[in-house]
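Novice: Let me begin by handing over the structure; questions about it come next.
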Amino acid sequence: MSGNSIDVAIVGGGLAGGLIALALYRERPELRISLIESGKMIGGNHRWSWFDSDLDLAGRALLDTFRQNEWNEGYDVAFPKYRRTLKTGYRSMSSADFHEGLARVLPADMLRLGYRADEVDARGVTLSDGERINARTVIDCRSFTPSPHLRGGWQIFMGRQVRLAEPHGLSRPTIMDASVDQVAPFGNDGAYRFVYVLPLSAHDVFIEDTYYADDAKLDRSALSGRIDGYARQHGWNDGDIVGHEHGLLPVLTGGDFAAYQNDTRIEGVAIAGARGGFVHPLTSYTMVIAVENALAIAAEADLTGPQLAALFETRARRHWQRTAYYRLLARMLFFATKPERRVDIFQRFYTLHEGLIERFYAARSTARDKVRVLWGKPPVSIPSAMAALFKRGEPLKTNSDTENSE
């Protein structure tokens, strides 16, 4: 593609940007579209998972483009006091399969990989090599960046795919094994911690160590050691590492979203993805939201850039308002109990009806769901819960000095 003038420029080839490009191309193949990504791979180095019940027919059709791991026998959770199997099917997709699916379906000249966007405005994108791409509509899907206007903590994780010499024998994922020690890996501080296990094939298993903590401290050496220990505990210590990932995701407890939008706004540019505020405040779950946004943009493909920007700014405000309940629960998690006792909150939550649990992760809790989550004997004291209602947390920030090499 010459890049002189196109219909839609999408900046950022993560989950949000890739799905928008796919949805637009499927709905309007005649449009001239560029997906601009600074990395060599679309989707980076991630794994996304979701419940089978999360998506409608249109959403499933969009994701049918990609190879997925599917488990139709349900999934397991484990806590200090019990273990439970839930029946709903579970799905997962790697960024490598995301990249392969898009590269296979989209025209080669749509993908501008290895190009950083130095300037983004309502009329187009200037790349790091000086090339200018003029566009009728520009959509910003670059990564979330911490902001003093948003408050909360962090979900921190490291995952590793291991190929074993012998079959592991697992038939279902364990999406939350919180029977492990409830300590952060960087000291004596507590944190809500769990291990996430996906049997990807008879010999391949994905193990991810995750914890909710107040500070953005990612100690890769410590997390790597904990994954080693978990693998040894389950007899998986004879495998080869064939893939890995790590990251920090925001857990939002509050903030001034209008001020955040003022800081991130580029006049006439639509902002989607996490940068636009399209995340689950407590779980950092993104698949359902990303699919819905991609289909919404494809349905409005004829809008000008400023019109789409206004539509998505309103959509983001509504999402913020609609997810206030989950920010309240995030405050309960961070402020109503000691870090090492945060497991009690999730332990109680996973005793509830599985439909309620799945709607919760998709940010679709009904009014009855919301009452049920808070009803009954609380896992935290009433005074602590009341005090948490009035706290908002510290401004979100990262500290690169806390990230150690593996």
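Within each chain, counting starts at residue 1; across the structure tokens, chains are named A, B, ... in the order shown, with ligands numbered 1 upward in that order.
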Please provide as a PyMOL selection string all residues within 7 Å of stretch 236-247 of chain A, with the sequence filter that same-chain residues fewer than 3 positions apart are discarded (counting only C-alpha atoms).
Specialist: chain A and resi 45-46+156-165+231-232
Novice: Kindly export the residues of the current selection with N, CA, C and O atoms, as a PDB file, in the first residue's frame.
Specialist:
ATOM      1  N   ASN A  45       2.819 -10.725  22.865  1.00  0.00           N
ATOM      2  CA  ASN A  45       3.131 -12.021  23.459  1.00  0.00           C
ATOM      3  C   ASN A  45       2.155 -12.261  24.601  1.00  0.00           C
ATOM      4  O   ASN A  45       2.464 -12.027  25.766  1.00  0.00           O
ATOM      5  N   HIS A  46       0.962 -12.715  24.252  1.00  0.00           N
ATOM      6  CA  HIS A  46      -0.119 -12.830  25.232  1.00  0.00           C
ATOM      7  C   HIS A  46      -0.941 -14.086  24.980  1.00  0.00           C
ATOM      8  O   HIS A  46      -0.831 -14.731  23.937  1.00  0.00           O
ATOM      9  N   ILE A 156      -0.588  -8.900  38.371  1.00  0.00           N
ATOM     10  CA  ILE A 156       0.755  -9.139  37.858  1.00  0.00           C
ATOM     11  C   ILE A 156       0.903 -10.622  37.561  1.00  0.00           C
ATOM     12  O   ILE A 156       0.480 -11.466  38.365  1.00  0.00           O
ATOM     13  N   PHE A 157       1.483 -10.971  36.416  1.00  0.00           N
ATOM     14  CA  PHE A 157       1.496 -12.378  36.046  1.00  0.00           C
ATOM     15  C   PHE A 157       2.739 -12.738  35.233  1.00  0.00           C
ATOM     16  O   PHE A 157       3.359 -11.903  34.589  1.00  0.00           O
ATOM     17  N   MET A 158       3.074 -14.008  35.296  1.00  0.00           N
ATOM     18  CA  MET A 158       4.050 -14.628  34.400  1.00  0.00           C
ATOM     19  C   MET A 158       3.524 -15.999  34.019  1.00  0.00           C
ATOM     20  O   MET A 158       3.095 -16.769  34.885  1.00  0.00           O
ATOM     21  N   GLY A 159       3.533 -16.296  32.724  1.00  0.00           N
ATOM     22  CA  GLY A 159       3.064 -17.581  32.234  1.00  0.00           C
ATOM     23  C   GLY A 159       4.149 -18.307  31.461  1.00  0.00           C
ATOM     24  O   GLY A 159       5.030 -17.679  30.854  1.00  0.00           O
ATOM     25  N   ARG A 160       4.085 -19.629  31.475  1.00  0.00           N
ATOM     26  CA  ARG A 160       5.080 -20.439  30.782  1.00  0.00           C
ATOM     27  C   ARG A 160       4.391 -21.648  30.161  1.00  0.00           C
ATOM     28  O   ARG A 160       3.610 -22.334  30.827  1.00  0.00           O
ATOM     29  N   GLN A 161       4.656 -21.897  28.889  1.00  0.00           N
ATOM     30  CA  GLN A 161       4.172 -23.111  28.225  1.00  0.00           C
ATOM     31  C   GLN A 161       5.286 -24.146  28.248  1.00  0.00           C
ATOM     32  O   GLN A 161       6.412 -23.885  27.806  1.00  0.00           O
ATOM     33  N   VAL A 162       4.968 -25.331  28.768  1.00  0.00           N
ATOM     34  CA  VAL A 162       5.953 -26.398  28.938  1.00  0.00           C
ATOM     35  C   VAL A 162       5.518 -27.614  28.127  1.00  0.00           C
ATOM     36  O   VAL A 162       4.344 -28.002  28.147  1.00  0.00           O
ATOM     37  N   ARG A 163       6.463 -28.192  27.416  1.00  0.00           N
ATOM     38  CA  ARG A 163       6.195 -29.426  26.660  1.00  0.00           C
ATOM     39  C   ARG A 163       6.830 -30.598  27.415  1.00  0.00           C
ATOM     40  O   ARG A 163       8.045 -30.651  27.602  1.00  0.00           O
ATOM     41  N   LEU A 164       5.984 -31.524  27.864  1.00  0.00           N
ATOM     42  CA  LEU A 164       6.411 -32.613  28.731  1.00  0.00           C
ATOM     43  C   LEU A 164       6.734 -33.873  27.948  1.00  0.00           C
ATOM     44  O   LEU A 164       6.152 -34.128  26.883  1.00  0.00           O
ATOM     45  N   ALA A 165       7.641 -34.663  28.498  1.00  0.00           N
ATOM     46  CA  ALA A 165       7.989 -35.937  27.865  1.00  0.00           C
ATOM     47  C   ALA A 165       6.849 -36.941  27.985  1.00  0.00           C
ATOM     48  O   ALA A 165       6.610 -37.749  27.080  1.00  0.00           O
ATOM     49  N   ALA A 231       5.363 -26.651  39.043  1.00  0.00           N
ATOM     50  CA  ALA A 231       5.519 -27.750  38.088  1.00  0.00           C
ATOM     51  C   ALA A 231       6.084 -28.998  38.773  1.00  0.00           C
ATOM     52  O   ALA A 231       5.609 -30.121  38.541  1.00  0.00           O
ATOM     53  N   ARG A 232       7.089 -28.827  39.634  1.00  0.00           N
ATOM     54  CA  ARG A 232       7.655 -29.979  40.344  1.00  0.00           C
ATOM     55  C   ARG A 232       6.613 -30.647  41.232  1.00  0.00           C
ATOM     56  O   ARG A 232       6.532 -31.878  41.315  1.00  0.00           O
TER      57      ARG A 232
END
Novice: Counting only C-alpha atoms, what is within 8 Å of A:Arg275, bar same-chain residues fewer than 4 positions away, as a ChimeraX atom specification?
Specialist: /A:141-145,264,271
Novice: For the residues selected in the previous step, produce a file with N, CA and C atoms as an mmCIF file, in the first residue's frame.
Specialist:
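So again_35.cif came out as:
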data_model
loop_
_atom_site.group_PDB
_atom_site.id
_atom_site.type_symbol
_atom_site.label_atom_id
_atom_site.label_comp_id
_atom_site.auth_asym_id
_atom_site.auth_seq_id
_atom_site.Cartn_x
_atom_site.Cartn_y
_atom_site.Cartn_z
ATOM 1 N N CYS A 141 -5.483 2.331 19.068
ATOM 2 C CA CYS A 141 -5.606 1.121 19.886
ATOM 3 C C CYS A 141 -4.289 0.798 20.581
ATOM 4 N N ARG A 142 -3.485 1.817 20.848
ATOM 5 C CA ARG A 142 -2.219 1.579 21.534
ATOM 6 C C ARG A 142 -2.464 1.191 22.986
ATOM 7 N N SER A 143 -1.401 0.743 23.639
ATOM 8 C CA SER A 143 -1.518 0.156 24.970
ATOM 9 C C SER A 143 -1.967 1.165 26.015
ATOM 10 N N PHE A 144 -2.551 0.629 27.085
ATOM 11 C CA PHE A 144 -2.889 1.428 28.257
ATOM 12 C C PHE A 144 -1.616 1.983 28.886
ATOM 13 N N THR A 145 -1.682 3.236 29.311
ATOM 14 C CA THR A 145 -0.574 3.817 30.058
ATOM 15 C C THR A 145 -1.112 4.321 31.398
ATOM 16 N N THR A 264 -5.947 11.845 27.466
ATOM 17 C CA THR A 264 -5.657 10.900 26.386
ATOM 18 C C THR A 264 -6.278 11.312 25.054
ATOM 19 N N ILE A 271 -10.591 6.369 20.179
ATOM 20 C CA ILE A 271 -9.714 5.581 21.037
ATOM 21 C C ILE A 271 -10.472 4.332 21.480
#
Novice: In Å, with one decimal, what is the gap from atom CA of A:Gly254 to atom CA of A:Arg372?
Specialist: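 Atom CA of A:Arg372 lies 22.5 Å from atom CA of A:Gly254.
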Novice: Apply DSSP to the structure's backbone, then extract all residues of stretch 136-255 of chain A labelled alpha helix (DSSP H) and return them as a list in words.
Specialist: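 These are the residues in question: Arg220, Ser221, Ala222, Leu223, Ser224, Gly225, Arg226, Ile227, Asp228, Gly229, Tyr230, Ala231, Arg232 and Gln233 of chain A.
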Novice: Give me, as an NGL selection string, all polymer residues having an atom no more than 7 Å from A:His168, counting only C-alpha atoms and skipping those fewer than 2 positions away in the same chain.
Specialist: :A and (166 or 170 or 202-203)
Novice: Go ahead and write the selection's residues with C-alpha atoms as a short mmCIF file (atom, residue, chain, number, x, y, z; two decimals), in the first residue's frame.
Specialist:
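Okay, out04.cif is ready:
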data_model
loop_
_atom_site.label_atom_id
_atom_site.label_comp_id
_atom_site.auth_asym_id
_atom_site.auth_seq_id
_atom_site.Cartn_x
_atom_site.Cartn_y
_atom_site.Cartn_z
CA GLU A 166 4.99 -37.77 29.34
CA LEU A 170 -5.32 -33.10 32.59
CA ALA A 202 -1.63 -34.10 25.76
CA HIS A 203 1.98 -33.03 26.39
#
Novice: From the set A:Glu37, A:Glu30, A:Val77, A:Ala16, which residue has the shortest atom-to-atom contact distance to A:Ile357, counting only C-alpha atoms?
Specialist: A:Val77
Novice: Tell me, as a list of chain:residue names, which residues lie within 9 Å of A:Leu31, counting only C-alpha atoms; anything in the same chain fewer than 5 positions away does not count.
Specialist: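 Selected residues are A:Ile6, A:Asp7, A:Val8, A:Leu24, A:Tyr25, A:Ala301.
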Novice: Find the residues near A:Asp369: any atom within 9 Å, counting only C-alpha atoms, skip ones fewer than 5 places away on the same chain, and give them as a list in words.
Specialist: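 So the residues in contact are Leu356, Ile357, Arg359, Phe360 and Leu374 of chain A.
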Novice: Just want the 12 Å neighbourhood of stretch 56-62 of chain A, counted on only C-alpha atoms, with same-chain residues fewer than 6 positions away dropped. Output as an MDAnalysis selection string.
Specialist: chainID A and resid 18:27 50 68 91 98 101:102 105 287:296 298:299
Novice: Pick out the closest residue to A:Thr323 from this set: A:Ala310, A:Ala178, A:Val371, A:Leu252. Count only C-alpha atoms.
Specialist: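 Closest candidate: A:Leu252.
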Novice: Which residues are close to A:Val180, i.e. within 8 Å by only C-alpha atoms, leaving aside same-chain residues fewer than 4 positions away? Reply as a list in words.
Specialist: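 What passes the distance filter is Pro80, Arg193, Phe194 and Val195 of chain A.
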Novice: Based on DSSP run over this structure's backbone, return all residues of stretch 209-363 of chain A in strand (DSSP E or B), as a PyMOL selection string.
Specialist: chain A and resi 209-213+219+240-255+270-271
Novice: Only N, CA and C atoms, please: the residues just picked out, written as an mmCIF file, in the first residue's frame.
Specialist:
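part.cif, freshly written:
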data_model
loop_
_atom_site.group_PDB
_atom_site.id
_atom_site.type_symbol
_atom_site.label_atom_id
_atom_site.label_comp_id
_atom_site.auth_asym_id
_atom_site.auth_seq_id
_atom_site.Cartn_x
_atom_site.Cartn_y
_atom_site.Cartn_z
ATOM 1 N N ASP A 209 1.512 -17.880 36.967
ATOM 2 C CA ASP A 209 1.451 -17.430 38.357
ATOM 3 C C ASP A 209 0.978 -15.981 38.354
ATOM 4 N N THR A 210 -0.116 -15.718 39.068
ATOM 5 C CA THR A 210 -0.754 -14.400 39.048
ATOM 6 C C THR A 210 -0.995 -13.932 40.465
ATOM 7 N N TYR A 211 -0.860 -12.641 40.703
ATOM 8 C CA TYR A 211 -1.223 -12.098 42.005
ATOM 9 C C TYR A 211 -1.732 -10.664 41.872
ATOM 10 N N TYR A 212 -2.631 -10.312 42.790
ATOM 11 C CA TYR A 212 -3.155 -8.953 42.906
ATOM 12 C C TYR A 212 -2.354 -8.247 43.994
ATOM 13 N N ALA A 213 -1.725 -7.142 43.660
ATOM 14 C CA ALA A 213 -0.888 -6.442 44.623
ATOM 15 C C ALA A 213 -1.076 -4.934 44.480
ATOM 16 N N ASP A 219 8.767 -9.169 39.636
ATOM 17 C CA ASP A 219 10.049 -9.826 39.849
ATOM 18 C C ASP A 219 10.037 -11.120 39.053
ATOM 19 N N ASP A 240 10.289 -29.082 28.410
ATOM 20 C CA ASP A 240 11.013 -28.011 27.737
ATOM 21 C C ASP A 240 10.119 -26.778 27.646
ATOM 22 N N ILE A 241 10.687 -25.615 27.899
ATOM 23 C CA ILE A 241 9.941 -24.360 27.787
ATOM 24 C C ILE A 241 9.805 -24.006 26.312
ATOM 25 N N VAL A 242 8.553 -23.863 25.831
ATOM 26 C CA VAL A 242 8.310 -23.551 24.417
ATOM 27 C C VAL A 242 7.622 -22.195 24.245
ATOM 28 N N GLY A 243 7.311 -21.530 25.329
ATOM 29 C CA GLY A 243 6.699 -20.206 25.249
ATOM 30 C C GLY A 243 6.562 -19.594 26.620
ATOM 31 N N HIS A 244 6.501 -18.271 26.669
ATOM 32 C CA HIS A 244 6.352 -17.594 27.964
ATOM 33 C C HIS A 244 5.764 -16.201 27.751
ATOM 34 N N GLU A 245 5.248 -15.625 28.809
ATOM 35 C CA GLU A 245 4.721 -14.262 28.781
ATOM 36 C C GLU A 245 4.753 -13.703 30.190
ATOM 37 N N HIS A 246 4.671 -12.387 30.305
ATOM 38 C CA HIS A 246 4.537 -11.731 31.601
ATOM 39 C C HIS A 246 3.929 -10.360 31.381
ATOM 40 N N GLY A 247 3.363 -9.786 32.440
ATOM 41 C CA GLY A 247 2.768 -8.467 32.280
ATOM 42 C C GLY A 247 2.160 -7.937 33.556
ATOM 43 N N LEU A 248 1.719 -6.672 33.476
ATOM 44 C CA LEU A 248 1.040 -5.992 34.567
ATOM 45 C C LEU A 248 -0.246 -5.394 34.011
ATOM 46 N N LEU A 249 -1.368 -5.687 34.655
ATOM 47 C CA LEU A 249 -2.664 -5.193 34.216
ATOM 48 C C LEU A 249 -3.289 -4.343 35.331
ATOM 49 N N PRO A 250 -3.909 -3.218 34.990
ATOM 50 C CA PRO A 250 -4.486 -2.367 36.034
ATOM 51 C C PRO A 250 -5.749 -2.960 36.630
ATOM 52 N N VAL A 251 -5.897 -2.802 37.943
ATOM 53 C CA VAL A 251 -7.128 -3.131 38.656
ATOM 54 C C VAL A 251 -7.649 -1.802 39.200
ATOM 55 N N LEU A 252 -8.759 -1.336 38.659
ATOM 56 C CA LEU A 252 -9.216 0.029 38.929
ATOM 57 C C LEU A 252 -10.147 0.079 40.130
ATOM 58 N N THR A 253 -9.812 0.949 41.074
ATOM 59 C CA THR A 253 -10.661 1.161 42.244
ATOM 60 C C THR A 253 -11.397 2.493 42.191
ATOM 61 N N GLY A 254 -11.005 3.382 41.317
ATOM 62 C CA GLY A 254 -11.663 4.682 41.222
ATOM 63 C C GLY A 254 -10.880 5.608 40.317
ATOM 64 N N GLY A 255 -11.266 6.878 40.361
ATOM 65 C CA GLY A 255 -10.562 7.862 39.553
ATOM 66 C C GLY A 255 -11.500 8.876 38.933
ATOM 67 N N ALA A 270 -10.592 8.296 17.227
ATOM 68 C CA ALA A 270 -11.318 7.368 18.086
ATOM 69 C C ALA A 270 -10.318 6.547 18.892
ATOM 70 N N ILE A 271 -10.591 6.369 20.179
ATOM 71 C CA ILE A 271 -9.714 5.581 21.037
ATOM 72 C C ILE A 271 -10.472 4.332 21.480
#
